[in-house]
Structure formats: structure tokens, C-alpha cells
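Coordinates from start-v4.txt are shown below (compact mmCIF, C-alpha atoms).
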```
# COMPACT_ATOMS: atom_id res chain seq x y z
CA MET A 40 -0.79 43.42 -42.94
CA ALA A 41 -3.89 45.62 -43.17
CA ALA A 42 -4.35 48.54 -40.76
CA LEU A 43 -7.31 46.87 -39.03
CA ASP A 44 -5.34 43.65 -38.56
CA GLU A 45 -2.58 45.67 -36.90
CA VAL A 46 -5.08 47.28 -34.53
CA PHE A 47 -6.54 43.88 -33.66
CA GLU A 48 -3.05 42.60 -32.96
CA ASP A 49 -2.26 45.62 -30.78
CA LEU A 50 -5.47 45.15 -28.78
CA ASP A 51 -5.12 41.39 -28.30
CA GLY A 52 -3.18 41.98 -25.08
CA PHE A 53 -6.25 43.57 -23.51
CA ALA A 54 -8.65 40.67 -24.04
CA TRP A 55 -8.36 39.81 -20.33
CA ILE A 56 -10.64 42.77 -19.51
CA PRO A 57 -14.24 41.52 -19.24
CA GLY A 58 -16.11 42.15 -22.50
CA ILE A 59 -13.14 43.38 -24.53
CA ALA A 60 -12.52 39.94 -26.08
CA GLN A 61 -16.16 39.78 -27.21
CA ILE A 62 -16.02 43.27 -28.74
CA LEU A 63 -12.85 42.34 -30.64
CA ASP A 64 -14.31 38.96 -31.67
CA GLY A 65 -17.41 40.68 -33.05
CA ALA A 66 -15.31 43.18 -34.99
CA ARG A 67 -13.08 40.37 -36.34
CA THR A 68 -16.15 38.35 -37.34
CA LEU A 69 -17.57 41.29 -39.30
CA HIS A 70 -14.14 42.00 -40.84
CA THR A 71 -13.79 38.38 -41.98
CA ALA A 72 -17.36 38.24 -43.31
CA ILE A 73 -16.82 41.43 -45.34
CA HIS A 74 -13.69 40.04 -47.00
CA ALA A 75 -15.38 36.67 -47.62
CA GLY A 76 -18.27 38.35 -49.43
CA GLN A 77 -20.77 37.26 -46.78
CA VAL A 78 -22.15 40.74 -46.10
CA ASP A 79 -24.79 41.80 -48.61
CA ALA A 80 -25.77 45.38 -49.46
CA ASP A 81 -28.56 45.50 -46.87
CA ALA A 82 -26.29 44.21 -44.10
CA THR A 83 -23.58 46.65 -45.21
CA GLN A 84 -25.79 49.71 -44.87
CA THR A 85 -27.24 48.47 -41.60
CA ALA A 86 -23.77 47.80 -40.19
CA LEU A 87 -22.61 51.28 -41.24
CA THR A 88 -25.44 52.98 -39.37
CA THR A 89 -25.06 50.68 -36.37
CA ILE A 90 -21.36 51.41 -36.07
CA ALA A 91 -21.62 55.18 -36.55
CA GLN A 92 -24.72 57.20 -37.30
CA PRO A 93 -25.11 60.88 -36.57
CA ASN A 94 -28.66 60.91 -35.21
CA GLY A 95 -29.25 57.88 -33.08
CA PRO A 96 -27.77 55.15 -30.97
CA ASP A 97 -24.64 53.54 -32.41
CA LEU A 98 -21.57 51.65 -31.28
CA VAL A 99 -19.59 54.87 -30.89
CA GLU A 100 -22.16 55.96 -28.30
CA VAL A 101 -22.03 52.56 -26.59
CA LEU A 102 -18.26 52.77 -26.22
CA SER A 103 -18.32 56.38 -25.01
CA LEU A 104 -20.95 55.52 -22.38
CA LEU A 105 -18.76 52.62 -21.25
CA VAL A 106 -16.00 55.20 -20.69
CA GLN A 107 -18.47 57.14 -18.55
CA ASP A 108 -19.26 54.04 -16.46
CA LEU A 109 -15.57 53.20 -16.11
CA THR A 110 -14.76 56.69 -14.80
CA ASN A 111 -17.71 57.04 -12.43
CA PRO A 112 -16.99 55.95 -8.83
CA GLN A 113 -20.71 55.24 -8.32
CA THR A 114 -20.78 52.70 -11.16
CA ASN A 115 -17.20 51.41 -10.90
CA PRO A 116 -16.32 50.18 -7.39
CA ALA A 117 -12.64 49.94 -8.42
CA LEU A 118 -12.47 53.73 -8.06
CA ALA A 119 -13.72 53.77 -4.46
CA GLY A 120 -10.20 54.11 -3.07
CA LEU A 121 -9.36 57.27 -4.99
CA PRO A 122 -9.17 60.55 -3.09
CA ASP A 123 -12.43 62.50 -3.51
CA GLU A 124 -10.93 65.24 -5.69
CA VAL A 125 -9.23 62.71 -7.97
CA ALA A 126 -12.44 60.67 -8.23
CA LYS A 127 -14.36 63.82 -9.22
CA ASP A 128 -11.74 64.68 -11.85
CA VAL A 129 -11.79 61.15 -13.26
CA GLN A 130 -15.60 61.22 -13.40
CA LEU A 131 -15.58 64.63 -15.08
CA LEU A 132 -13.11 63.38 -17.69
CA GLY A 133 -15.42 60.45 -18.49
CA GLU A 134 -18.41 62.75 -18.79
CA THR A 135 -16.35 65.10 -20.98
CA HIS A 136 -15.48 62.19 -23.25
CA VAL A 137 -19.18 61.36 -23.71
CA HIS A 138 -19.96 65.00 -24.50
CA GLN A 139 -17.03 65.37 -26.90
CA THR A 140 -17.81 62.12 -28.66
CA ALA A 141 -21.46 63.07 -29.12
CA ASP A 142 -20.79 66.62 -30.22
CA TYR A 143 -17.48 66.56 -32.02
CA THR A 144 -16.99 63.17 -33.62
CA PRO A 145 -18.29 63.52 -37.18
CA ARG A 146 -20.29 60.42 -38.06
CA GLU A 147 -22.08 61.58 -41.18
CA ALA A 148 -19.88 59.70 -43.67
CA PRO A 149 -20.98 56.14 -42.73
CA ASN A 150 -24.60 57.25 -42.78
CA GLU A 151 -24.15 58.87 -46.20
CA ALA A 152 -22.45 55.71 -47.46
CA ALA A 153 -25.42 53.66 -46.21
CA GLY A 154 -27.76 56.06 -48.01
CA LEU A 155 -25.88 55.67 -51.28
CA ILE A 156 -26.07 51.89 -50.96
CA SER A 157 -29.79 52.14 -50.24
CA GLU A 158 -30.42 54.34 -53.29
CA HIS A 159 -29.00 51.77 -55.70
CA THR A 160 -30.89 48.57 -56.21
CA PRO A 161 -28.91 45.34 -56.22
CA THR A 162 -28.18 44.08 -59.74
CA SER A 163 -27.60 40.45 -58.83
CA SER A 164 -28.65 37.85 -56.32
CA GLU A 165 -25.30 38.41 -54.59
CA GLY A 166 -26.46 41.83 -53.41
CA ARG A 167 -23.88 43.78 -55.38
CA CYS A 168 -24.93 47.37 -55.95
CA GLN A 169 -24.83 49.35 -59.14
CA ALA A 170 -21.74 51.46 -59.54
CA VAL A 171 -21.82 55.05 -58.36
CA THR A 172 -21.64 57.52 -61.23
CA ASP A 173 -18.81 60.02 -61.45
CA ALA A 174 -21.27 62.85 -60.73
CA GLU A 175 -22.57 61.06 -57.62
CA ARG A 176 -19.01 60.37 -56.47
CA GLU A 177 -18.07 64.04 -56.94
CA GLU A 178 -21.20 65.16 -55.05
CA LEU A 179 -20.29 62.79 -52.20
CA ARG A 180 -16.73 64.16 -52.10
CA ARG A 181 -18.16 67.70 -51.95
CA LYS A 182 -20.47 66.75 -49.06
CA VAL A 183 -17.66 65.03 -47.16
CA ALA A 184 -15.39 68.07 -47.65
CA GLU A 185 -18.15 70.37 -46.34
CA ALA A 186 -18.76 68.10 -43.34
CA ASN A 187 -15.02 68.05 -42.60
CA LYS A 188 -14.86 71.85 -42.75
CA ARG A 189 -17.83 72.12 -40.38
CA SER A 190 -16.23 69.68 -37.93
CA GLU A 191 -12.90 71.53 -38.08
CA ASN A 192 -14.64 74.81 -37.22
CA ARG A 193 -16.51 73.42 -34.21
CA PRO A 194 -15.33 74.77 -30.86
CA ARG A 195 -13.42 72.23 -28.81
```
Any chance you could give the structure as C-alpha cells?
Amino acid sequence: MAALDEVFEDLDGFAWIPGIAQILDGARTLHTAIHAGQVDADATQTALTTIAQPNGPDLVEVLSLLVQDLTNPQTNPALAGLPDEVAKDVQLLGETHVHQTADYTPREAPNEAAGLISEHTPTSSEGRCQAVTDAEREELRRKVAEANKRSENRPR
């Protein structure tokens, strides 16, 4: 069983929460389409930047802002019964998550992958891209290693 399939299986028990089933269904649909060869190069690069891009709205931001709404007593009436100090702490933790996700979650790799796809013109009507040269692959590895070092050195 693939790692993503295991995660889907683990999360199936939470589909009763409004919206979670749709998020999982969308992810499963994309996963299935990828493996069936139904996602062309253009859709691949667009999906990569939609899921995680460093300089704009993406699904990582959507999910982190949902955490903020879930932890804010003014937007989530389910928290109204919490003691004031606890409610403030819960809200602060949600806001902290948004800040940490925006500032500390490296999202350059999907964007760089989309850029590589964009740089290579499709060679067939199926949207398959030209192979990356060894030099390009080594340059990408170098960039990813540098990005990882920068993210490791960020204050937390």
C-alpha cells in the first residue's frame, strides 16, 4: 500500500466532520487521475503551485486558515463554553499555526518542479515532458539542499 493510500485510510474515520470528506475526495480524485495518466503537464504544474507555492495563495494556506477559524471563539461557536483564558490560548495557538505555516513551511520545491515542467515543451500529444538532463537534475538537487539548509536555520 502506498504512503498516500495509508494516510487516506487513516483519515477516513474523520469524514463525518463537515467538509473533510470533500477535501479527501478531491485529493483521492487527483491521486487517481495522476496514476491513470489523466493529468497532463500543464495540469501537473498548475496543481503543484495550487497545492503549495511559496508566494501566493495555496491549499496549505487554506488549511492553515481553517485551523485559525476552528480555534477562534468568534468564528467557532463550539468554543463559546471554554473559560476565557483557555479560549484565548486556543485562539493564540491557531494564530501561531497560521504564522508558522506561512513563515516556516518550505514550499519552494513544488514551485520549482512546476517551473521545470514549464521549461520543457511537451514532446507528444499526451503532454509528456522532455527528460531532465543530468546537469539540470544536479542543479535542482543543489537548490533543494540550499533551501533545506535555509529552512533548518530559520528561528522557530
- Task: With a distance cut-off of 9 Å and all atoms listed in the file, select the neighbouring residues of Leu132 of chain A, excluding the residue or stretch itself and same-chain residues fewer than 5 positions from it, and output the selection as a ChimeraX atom specification.
- Result: /A:107,110,127,137
- Query: So what do you get for atom CA of Arg67 of chain A versus atom CA of Thr114 of chain A, distance-wise?
  - Reply: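 Computed distance, atom CA of Arg67 of chain A to atom CA of Thr114 of chain A, equals 29.1 Å.
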- For Arg146 of chain A, please output as a list in words all residues within 9 Å (counting all atoms listed in the file; exclusion window: fewer than 6 positions along the same chain). Ala91, Gln92, Pro93 and Asn94 of chain A
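The space between atom CA of Ile56 of chain A and atom CA of Leu109 of chain A spans 12.0 Å.
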- Message: Here is a test: counting only C-alpha atoms, which residue of A:Asp44, A:Asp128, A:Asp49, A:Asp97 is nearest to Asn150 of chain A?
- Response: A:Asp97
- Using only C-alpha atoms: which of A:Leu131, A:Ala141, A:Ala126, A:Ile73 has the shortest distance to Glu100 of chain A: A:Ala141
- For atom CA of Leu104 of chain A and atom CA of Thr140 of chain A, the interatomic separation in Å (one decimal):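 Distance between the two atoms: 9.6 Å.
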